[in-house]
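Dumped target17.txt below, it's compact mmCIF, N, CA and C atoms:
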# COMPACT_ATOMS: atom_id res chain seq x y z
N MET O 1 -107.59 28.64 -92.21
CA MET O 1 -106.67 29.48 -91.47
C MET O 1 -107.46 30.57 -90.74
N PRO O 2 -106.94 31.04 -89.62
CA PRO O 2 -107.61 32.08 -88.87
C PRO O 2 -107.79 33.35 -89.69
N SER O 3 -108.91 34.03 -89.44
CA SER O 3 -109.24 35.22 -90.23
C SER O 3 -108.42 36.44 -89.85
N ASP O 4 -107.78 36.45 -88.68
CA ASP O 4 -107.01 37.62 -88.27
C ASP O 4 -105.60 37.65 -88.87
N LEU O 5 -105.29 36.70 -89.74
CA LEU O 5 -104.00 36.68 -90.42
C LEU O 5 -104.18 37.09 -91.87
N ASP O 6 -103.19 37.82 -92.39
CA ASP O 6 -103.23 38.08 -93.83
C ASP O 6 -102.81 36.80 -94.56
N ALA O 7 -102.96 36.78 -95.86
CA ALA O 7 -102.70 35.56 -96.63
C ALA O 7 -101.25 35.11 -96.50
N PHE O 8 -100.32 36.05 -96.49
CA PHE O 8 -98.91 35.67 -96.40
C PHE O 8 -98.58 35.06 -95.04
N ALA O 9 -99.06 35.68 -93.95
CA ALA O 9 -98.80 35.14 -92.61
C ALA O 9 -99.43 33.76 -92.44
N ALA O 10 -100.61 33.59 -93.01
CA ALA O 10 -101.27 32.28 -92.95
C ALA O 10 -100.45 31.23 -93.72
N ARG O 11 -99.90 31.62 -94.83
CA ARG O 11 -99.06 30.71 -95.64
C ARG O 11 -97.78 30.34 -94.89
N VAL O 12 -97.19 31.33 -94.22
CA VAL O 12 -95.98 31.09 -93.43
C VAL O 12 -96.29 30.11 -92.30
N LEU O 13 -97.39 30.33 -91.59
CA LEU O 13 -97.76 29.44 -90.49
C LEU O 13 -98.03 28.03 -91.00
N ALA O 14 -98.75 27.90 -92.10
CA ALA O 14 -99.06 26.58 -92.64
C ALA O 14 -97.78 25.84 -93.03
N CYS O 15 -96.85 26.51 -93.66
CA CYS O 15 -95.58 25.89 -94.06
C CYS O 15 -94.78 25.46 -92.83
N LEU O 16 -94.74 26.32 -91.83
CA LEU O 16 -94.00 26.02 -90.62
C LEU O 16 -94.58 24.80 -89.91
N VAL O 17 -95.90 24.76 -89.78
CA VAL O 17 -96.56 23.64 -89.10
C VAL O 17 -96.36 22.34 -89.89
N GLU O 18 -96.55 22.41 -91.18
CA GLU O 18 -96.42 21.22 -92.03
C GLU O 18 -95.01 20.63 -91.95
N THR O 19 -94.01 21.47 -92.05
CA THR O 19 -92.63 20.99 -92.01
C THR O 19 -92.28 20.49 -90.62
N TYR O 20 -92.74 21.18 -89.59
CA TYR O 20 -92.46 20.77 -88.21
C TYR O 20 -93.05 19.39 -87.95
N GLN O 21 -94.29 19.17 -88.41
CA GLN O 21 -94.94 17.88 -88.20
C GLN O 21 -94.26 16.78 -89.01
N ALA O 22 -93.75 17.11 -90.18
CA ALA O 22 -93.08 16.12 -91.02
C ALA O 22 -91.78 15.64 -90.37
N ARG O 23 -91.25 16.41 -89.46
CA ARG O 23 -89.99 16.05 -88.79
C ARG O 23 -90.23 15.42 -87.43
N GLU O 24 -91.38 14.84 -87.22
CA GLU O 24 -91.71 14.23 -85.94
C GLU O 24 -90.68 13.16 -85.59
N GLY O 25 -90.32 13.11 -84.33
CA GLY O 25 -89.33 12.16 -83.88
C GLY O 25 -87.94 12.77 -83.76
N MET O 26 -87.75 13.94 -84.32
CA MET O 26 -86.46 14.62 -84.23
C MET O 26 -86.48 15.53 -83.00
N LYS O 27 -85.31 15.95 -82.57
CA LYS O 27 -85.22 16.91 -81.48
C LYS O 27 -85.88 18.21 -81.92
N SER O 28 -86.46 18.94 -80.96
CA SER O 28 -87.19 20.16 -81.32
C SER O 28 -86.28 21.18 -81.99
N ARG O 29 -85.02 21.22 -81.62
CA ARG O 29 -84.09 22.18 -82.25
C ARG O 29 -83.93 21.84 -83.74
N THR O 30 -83.88 20.56 -84.05
CA THR O 30 -83.73 20.13 -85.44
C THR O 30 -85.03 20.30 -86.21
N ARG O 31 -86.15 20.17 -85.53
CA ARG O 31 -87.44 20.31 -86.20
C ARG O 31 -87.75 21.76 -86.57
N SER O 32 -87.19 22.71 -85.83
CA SER O 32 -87.46 24.12 -86.08
C SER O 32 -86.86 24.53 -87.42
N LEU O 33 -87.48 25.53 -88.06
CA LEU O 33 -87.01 26.02 -89.35
C LEU O 33 -86.34 27.37 -89.20
N SER O 34 -85.22 27.54 -89.89
CA SER O 34 -84.56 28.84 -89.90
C SER O 34 -85.32 29.76 -90.85
N GLU O 35 -85.09 31.04 -90.71
CA GLU O 35 -85.73 32.02 -91.60
C GLU O 35 -85.44 31.67 -93.06
N TYR O 36 -84.19 31.35 -93.35
CA TYR O 36 -83.80 31.07 -94.74
C TYR O 36 -84.47 29.80 -95.26
N GLU O 37 -84.47 28.75 -94.44
CA GLU O 37 -85.11 27.49 -94.86
C GLU O 37 -86.60 27.71 -95.11
N LEU O 38 -87.24 28.47 -94.26
CA LEU O 38 -88.66 28.76 -94.43
C LEU O 38 -88.91 29.54 -95.72
N ALA O 39 -88.07 30.53 -96.00
CA ALA O 39 -88.21 31.30 -97.24
C ALA O 39 -88.04 30.41 -98.46
N ARG O 40 -87.08 29.50 -98.41
CA ARG O 40 -86.86 28.58 -99.53
C ARG O 40 -88.06 27.65 -99.72
N ARG O 41 -88.59 27.14 -98.62
CA ARG O 41 -89.76 26.24 -98.72
C ARG O 41 -90.99 26.98 -99.24
N LEU O 42 -91.10 28.26 -98.90
CA LEU O 42 -92.23 29.06 -99.39
C LEU O 42 -92.02 29.50 -100.83
N GLY O 43 -90.80 29.39 -101.32
CA GLY O 43 -90.49 29.79 -102.68
C GLY O 43 -90.46 31.30 -102.88
N ILE O 44 -90.12 32.04 -101.81
CA ILE O 44 -90.14 33.50 -101.92
C ILE O 44 -88.76 34.10 -102.12
N THR O 45 -87.72 33.29 -102.18
CA THR O 45 -86.38 33.85 -102.37
C THR O 45 -85.57 33.03 -103.36
N GLN O 46 -84.76 33.74 -104.09
CA GLN O 46 -83.80 33.11 -105.00
C GLN O 46 -82.38 33.47 -104.56
N TYR O 47 -82.28 34.16 -103.41
CA TYR O 47 -80.99 34.61 -102.92
C TYR O 47 -80.21 33.46 -102.30
N SER O 48 -78.90 33.62 -102.26
CA SER O 48 -78.05 32.66 -101.55
C SER O 48 -78.25 32.86 -100.05
N TYR O 49 -77.68 31.96 -99.28
CA TYR O 49 -77.78 32.02 -97.83
C TYR O 49 -77.28 33.36 -97.30
N ALA O 50 -76.15 33.83 -97.80
CA ALA O 50 -75.58 35.10 -97.33
C ALA O 50 -76.35 36.31 -97.86
N GLU O 51 -76.79 36.28 -99.12
CA GLU O 51 -77.51 37.41 -99.71
C GLU O 51 -78.89 37.61 -99.09
N PHE O 52 -79.48 36.55 -98.60
CA PHE O 52 -80.83 36.63 -98.02
C PHE O 52 -80.88 37.57 -96.82
N GLU O 53 -79.77 37.72 -96.12
CA GLU O 53 -79.73 38.54 -94.91
C GLU O 53 -80.17 39.98 -95.17
N GLN O 54 -79.85 40.55 -96.32
CA GLN O 54 -80.18 41.94 -96.64
C GLN O 54 -81.35 42.06 -97.62
N SER O 55 -82.07 40.99 -97.88
CA SER O 55 -83.10 41.01 -98.91
C SER O 55 -84.44 41.54 -98.38
N PRO O 56 -85.25 42.12 -99.28
CA PRO O 56 -86.59 42.58 -98.89
C PRO O 56 -87.50 41.40 -98.53
N GLU O 57 -87.24 40.23 -99.10
CA GLU O 57 -88.04 39.05 -98.78
C GLU O 57 -87.88 38.67 -97.31
N ARG O 58 -86.66 38.83 -96.80
CA ARG O 58 -86.42 38.51 -95.39
C ARG O 58 -87.20 39.47 -94.51
N ALA O 59 -87.23 40.73 -94.88
CA ALA O 59 -87.97 41.72 -94.08
C ALA O 59 -89.45 41.38 -94.03
N SER O 60 -90.04 40.98 -95.14
CA SER O 60 -91.47 40.64 -95.13
C SER O 60 -91.72 39.33 -94.37
N LEU O 61 -90.79 38.37 -94.48
CA LEU O 61 -90.93 37.12 -93.74
C LEU O 61 -90.83 37.38 -92.24
N LEU O 62 -89.88 38.22 -91.83
CA LEU O 62 -89.75 38.55 -90.41
C LEU O 62 -90.97 39.28 -89.87
N ALA O 63 -91.56 40.13 -90.68
CA ALA O 63 -92.78 40.82 -90.25
C ALA O 63 -93.89 39.81 -89.99
N ALA O 64 -94.04 38.84 -90.87
CA ALA O 64 -95.07 37.81 -90.69
C ALA O 64 -94.76 36.95 -89.46
N LEU O 65 -93.49 36.57 -89.29
CA LEU O 65 -93.11 35.76 -88.13
C LEU O 65 -93.29 36.52 -86.83
N ASP O 66 -92.98 37.82 -86.83
CA ASP O 66 -93.19 38.64 -85.63
C ASP O 66 -94.67 38.72 -85.27
N LEU O 67 -95.53 38.88 -86.28
CA LEU O 67 -96.97 38.90 -86.05
C LEU O 67 -97.42 37.57 -85.43
N LEU O 68 -96.96 36.46 -85.99
CA LEU O 68 -97.33 35.15 -85.48
C LEU O 68 -96.80 34.93 -84.06
N ALA O 69 -95.60 35.46 -83.77
CA ALA O 69 -95.03 35.33 -82.43
C ALA O 69 -95.83 36.16 -81.42
N ARG O 70 -96.23 37.37 -81.81
CA ARG O 70 -97.03 38.22 -80.91
C ARG O 70 -98.38 37.58 -80.61
N GLN O 71 -98.92 36.84 -81.54
CA GLN O 71 -100.20 36.16 -81.34
C GLN O 71 -100.03 34.83 -80.61
N GLY O 72 -98.80 34.44 -80.33
CA GLY O 72 -98.55 33.21 -79.61
C GLY O 72 -98.68 31.96 -80.46
N ARG O 73 -98.56 32.10 -81.77
CA ARG O 73 -98.69 30.95 -82.66
C ARG O 73 -97.36 30.29 -82.99
N VAL O 74 -96.27 31.06 -82.94
CA VAL O 74 -94.94 30.51 -83.17
C VAL O 74 -94.02 31.01 -82.08
N GLN O 75 -92.93 30.29 -81.91
CA GLN O 75 -91.92 30.73 -80.95
C GLN O 75 -90.57 30.77 -81.63
N ARG O 76 -89.79 31.74 -81.23
CA ARG O 76 -88.45 31.91 -81.78
C ARG O 76 -87.52 30.98 -81.02
N GLY O 77 -86.69 30.28 -81.76
CA GLY O 77 -85.73 29.36 -81.15
C GLY O 77 -84.34 29.97 -81.17
N SER O 78 -83.38 29.13 -81.00
CA SER O 78 -82.00 29.59 -81.01
C SER O 78 -81.54 29.82 -82.45
N PRO O 79 -80.54 30.65 -82.63
CA PRO O 79 -80.04 30.89 -83.98
C PRO O 79 -79.44 29.63 -84.61
N SER O 80 -79.59 29.56 -85.91
CA SER O 80 -78.96 28.49 -86.69
C SER O 80 -78.13 29.19 -87.76
N GLY O 81 -76.87 29.38 -87.47
CA GLY O 81 -76.05 30.17 -88.38
C GLY O 81 -76.41 31.63 -88.24
N ARG O 82 -76.69 32.28 -89.36
CA ARG O 82 -77.03 33.71 -89.37
C ARG O 82 -78.47 33.98 -88.96
N TYR O 83 -79.33 32.99 -89.01
CA TYR O 83 -80.77 33.21 -88.89
C TYR O 83 -81.36 32.51 -87.67
N ASP O 84 -82.42 33.13 -87.12
CA ASP O 84 -83.14 32.52 -86.01
C ASP O 84 -84.00 31.37 -86.54
N THR O 85 -84.35 30.47 -85.63
CA THR O 85 -85.23 29.38 -86.00
C THR O 85 -86.60 29.62 -85.37
N PHE O 86 -87.62 29.00 -85.96
CA PHE O 86 -88.99 29.16 -85.49
C PHE O 86 -89.68 27.81 -85.47
N ALA O 87 -90.64 27.68 -84.53
CA ALA O 87 -91.44 26.46 -84.42
C ALA O 87 -92.84 26.84 -83.96
N PRO O 88 -93.84 26.04 -84.27
CA PRO O 88 -95.19 26.31 -83.76
C PRO O 88 -95.18 26.22 -82.24
N CYS O 89 -96.01 27.02 -81.58
CA CYS O 89 -96.04 27.02 -80.11
C CYS O 89 -96.69 25.77 -79.54
N GLU O 90 -97.70 25.27 -80.20
CA GLU O 90 -98.38 24.09 -79.70
C GLU O 90 -98.59 23.14 -80.86
N PRO O 91 -98.64 21.86 -80.55
CA PRO O 91 -98.87 20.92 -81.64
C PRO O 91 -100.22 21.18 -82.29
N ILE O 92 -100.22 21.36 -83.59
CA ILE O 92 -101.44 21.62 -84.33
C ILE O 92 -101.73 20.40 -85.18
N GLN O 93 -102.92 19.80 -84.99
CA GLN O 93 -103.28 18.61 -85.75
C GLN O 93 -103.63 19.01 -87.18
N PRO O 94 -103.09 18.31 -88.18
CA PRO O 94 -103.53 18.60 -89.54
C PRO O 94 -105.00 18.23 -89.69
N SER O 95 -105.68 18.91 -90.59
CA SER O 95 -107.11 18.65 -90.75
C SER O 95 -107.33 17.20 -91.13
N GLY O 96 -108.30 16.56 -90.46
CA GLY O 96 -108.64 15.18 -90.75
C GLY O 96 -107.73 14.18 -90.07
N ALA O 97 -106.76 14.63 -89.30
CA ALA O 97 -105.84 13.70 -88.64
C ALA O 97 -106.46 13.19 -87.35
N ALA O 98 -106.14 11.97 -87.03
CA ALA O 98 -106.62 11.39 -85.78
C ALA O 98 -105.85 12.01 -84.62
N PRO O 99 -106.50 12.17 -83.48
CA PRO O 99 -105.78 12.73 -82.33
C PRO O 99 -104.64 11.80 -81.92
N SER O 100 -103.61 12.39 -81.35
CA SER O 100 -102.46 11.59 -80.95
C SER O 100 -102.84 10.67 -79.79
N PRO O 101 -102.19 9.50 -79.71
CA PRO O 101 -102.52 8.56 -78.65
C PRO O 101 -102.14 9.12 -77.29
N PRO O 102 -102.80 8.66 -76.24
CA PRO O 102 -102.47 9.17 -74.91
C PRO O 102 -101.04 8.78 -74.53
N ALA O 103 -100.45 9.60 -73.70
CA ALA O 103 -99.07 9.37 -73.29
C ALA O 103 -98.98 8.10 -72.45
N VAL O 104 -97.90 7.36 -72.63
CA VAL O 104 -97.66 6.15 -71.87
C VAL O 104 -97.11 6.54 -70.51
N ALA O 105 -97.60 5.89 -69.46
CA ALA O 105 -97.16 6.22 -68.12
C ALA O 105 -95.68 5.88 -67.94
N GLU O 106 -95.00 6.72 -67.21
CA GLU O 106 -93.58 6.49 -66.91
C GLU O 106 -93.46 5.30 -65.96
N PRO O 107 -92.42 4.47 -66.16
CA PRO O 107 -92.24 3.34 -65.24
C PRO O 107 -91.90 3.84 -63.84
N THR O 108 -92.29 3.06 -62.86
CA THR O 108 -92.02 3.44 -61.48
C THR O 108 -90.54 3.27 -61.18
N THR O 109 -90.13 3.86 -60.09
CA THR O 109 -88.73 3.74 -59.67
C THR O 109 -88.39 2.29 -59.39
N GLN O 110 -89.32 1.57 -58.77
CA GLN O 110 -89.09 0.16 -58.46
C GLN O 110 -88.88 -0.65 -59.74
N ALA O 111 -89.69 -0.39 -60.77
CA ALA O 111 -89.57 -1.12 -62.03
C ALA O 111 -88.24 -0.81 -62.70
N LEU O 112 -87.81 0.45 -62.64
CA LEU O 112 -86.52 0.83 -63.22
C LEU O 112 -85.36 0.15 -62.50
N LEU O 113 -85.45 0.09 -61.17
CA LEU O 113 -84.39 -0.55 -60.40
C LEU O 113 -84.32 -2.06 -60.70
N GLU O 114 -85.48 -2.69 -60.84
CA GLU O 114 -85.50 -4.11 -61.16
C GLU O 114 -84.89 -4.37 -62.54
N ARG O 115 -85.22 -3.53 -63.49
CA ARG O 115 -84.65 -3.69 -64.84
C ARG O 115 -83.14 -3.49 -64.82
N LEU O 116 -82.68 -2.50 -64.10
CA LEU O 116 -81.26 -2.24 -63.97
C LEU O 116 -80.55 -3.42 -63.31
N SER O 117 -81.16 -3.98 -62.28
CA SER O 117 -80.59 -5.13 -61.58
C SER O 117 -80.46 -6.33 -62.53
N ARG O 118 -81.47 -6.58 -63.35
CA ARG O 118 -81.42 -7.69 -64.33
C ARG O 118 -80.29 -7.46 -65.34
N GLN O 119 -80.16 -6.22 -65.80
CA GLN O 119 -79.11 -5.91 -66.77
C GLN O 119 -77.73 -6.10 -66.16
N LEU O 120 -77.55 -5.69 -64.90
CA LEU O 120 -76.27 -5.88 -64.23
C LEU O 120 -75.97 -7.36 -64.04
N ASP O 121 -76.99 -8.16 -63.71
CA ASP O 121 -76.80 -9.60 -63.59
C ASP O 121 -76.33 -10.20 -64.91
N GLU O 122 -76.90 -9.74 -66.03
CA GLU O 122 -76.50 -10.23 -67.35
C GLU O 122 -75.05 -9.85 -67.65
N VAL O 123 -74.67 -8.64 -67.30
CA VAL O 123 -73.29 -8.18 -67.52
C VAL O 123 -72.32 -9.03 -66.71
N LEU O 124 -72.67 -9.28 -65.45
CA LEU O 124 -71.80 -10.11 -64.61
C LEU O 124 -71.68 -11.53 -65.17
N ALA O 125 -72.76 -12.08 -65.68
CA ALA O 125 -72.71 -13.43 -66.26
C ALA O 125 -71.78 -13.45 -67.47
N VAL O 126 -71.83 -12.44 -68.31
CA VAL O 126 -70.94 -12.37 -69.47
C VAL O 126 -69.48 -12.25 -69.03
N LEU O 127 -69.22 -11.40 -68.05
CA LEU O 127 -67.85 -11.23 -67.56
C LEU O 127 -67.31 -12.51 -66.94
N ARG O 128 -68.15 -13.22 -66.18
CA ARG O 128 -67.71 -14.49 -65.59
C ARG O 128 -67.43 -15.52 -66.67
N SER O 129 -68.24 -15.53 -67.72
CA SER O 129 -68.03 -16.45 -68.83
C SER O 129 -66.70 -16.16 -69.52
N ILE O 130 -66.41 -14.91 -69.74
CA ILE O 130 -65.14 -14.51 -70.35
C ILE O 130 -63.98 -14.93 -69.46
N ASP O 131 -64.12 -14.72 -68.16
CA ASP O 131 -63.07 -15.08 -67.21
C ASP O 131 -62.82 -16.59 -67.23
N ARG O 132 -63.89 -17.38 -67.29
CA ARG O 132 -63.73 -18.84 -67.35
C ARG O 132 -63.02 -19.28 -68.63
N LYS O 133 -63.37 -18.66 -69.76
CA LYS O 133 -62.77 -19.03 -71.05
C LYS O 133 -61.29 -18.65 -71.11
N LEU O 134 -60.96 -17.50 -70.52
CA LEU O 134 -59.56 -17.06 -70.55
C LEU O 134 -58.71 -17.84 -69.56
N GLY O 135 -59.33 -18.27 -68.48
CA GLY O 135 -58.61 -19.05 -67.48
C GLY O 135 -57.65 -18.19 -66.68
N PRO O 136 -56.99 -18.84 -65.72
CA PRO O 136 -56.02 -18.08 -64.90
C PRO O 136 -54.79 -17.70 -65.72
N GLU O 137 -54.24 -16.61 -65.40
CA GLU O 137 -53.06 -16.14 -66.16
C GLU O 137 -51.80 -16.70 -65.64

What's the structure tokens form of this structure?
Amino acid sequence: MPSDLDAFAARVLACLVETYQAREGMKSRTRSLSEYELARRLGITQYSYAEFEQSPERASLLAALDLLARQGRVQRGSPSGRYDTFAPCEPIQPSGAAPSPPAVAEPTTQALLERLSRQLDEVLAVLRSIDRKLGPE
């Protein structure tokens, strides 16, 4: 962990990154962690969802998250219930992990139009088949 973070802020960042990466494939809003979820994963609170709002643990967690946000390591997301959500600012590779594969090129407009045309042809064939089976009314 970076040396400019205290032990608690480093622990918060590690938990946030680990959980965010474990949720790969989900929408970014769903991957983000709320303050309360992060506190529960860190094991720093025994309060209920509502009681956590006024707890000293929340104040220390917010201080660490604010420090990480000022350093550009995390970003604040939209609220989830009573609490804001947070996510890492950039994808951070876990130690020893292979780099992610290069992005696949987007299909051209021509390729998309050809695929759409084939799909429409298939739909028309199915509709004509149904019409033949039902016969004239």

How many Å lie between atom CA of O:Gln21 and atom CA of O:Arg82, rounded to one decimal?
23.9 Å

Neighbour list for stretch 74-76 of chain O as a VMD selection string, cut-off 5 Å, all atoms listed in the file, skip fewer than 5 positions in-chain
chain O and resid 68 to 69 85 to 89

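Atom pair atom C of O:Ala64 / atom CA of O:Glu24: separated by 23.2 Å.
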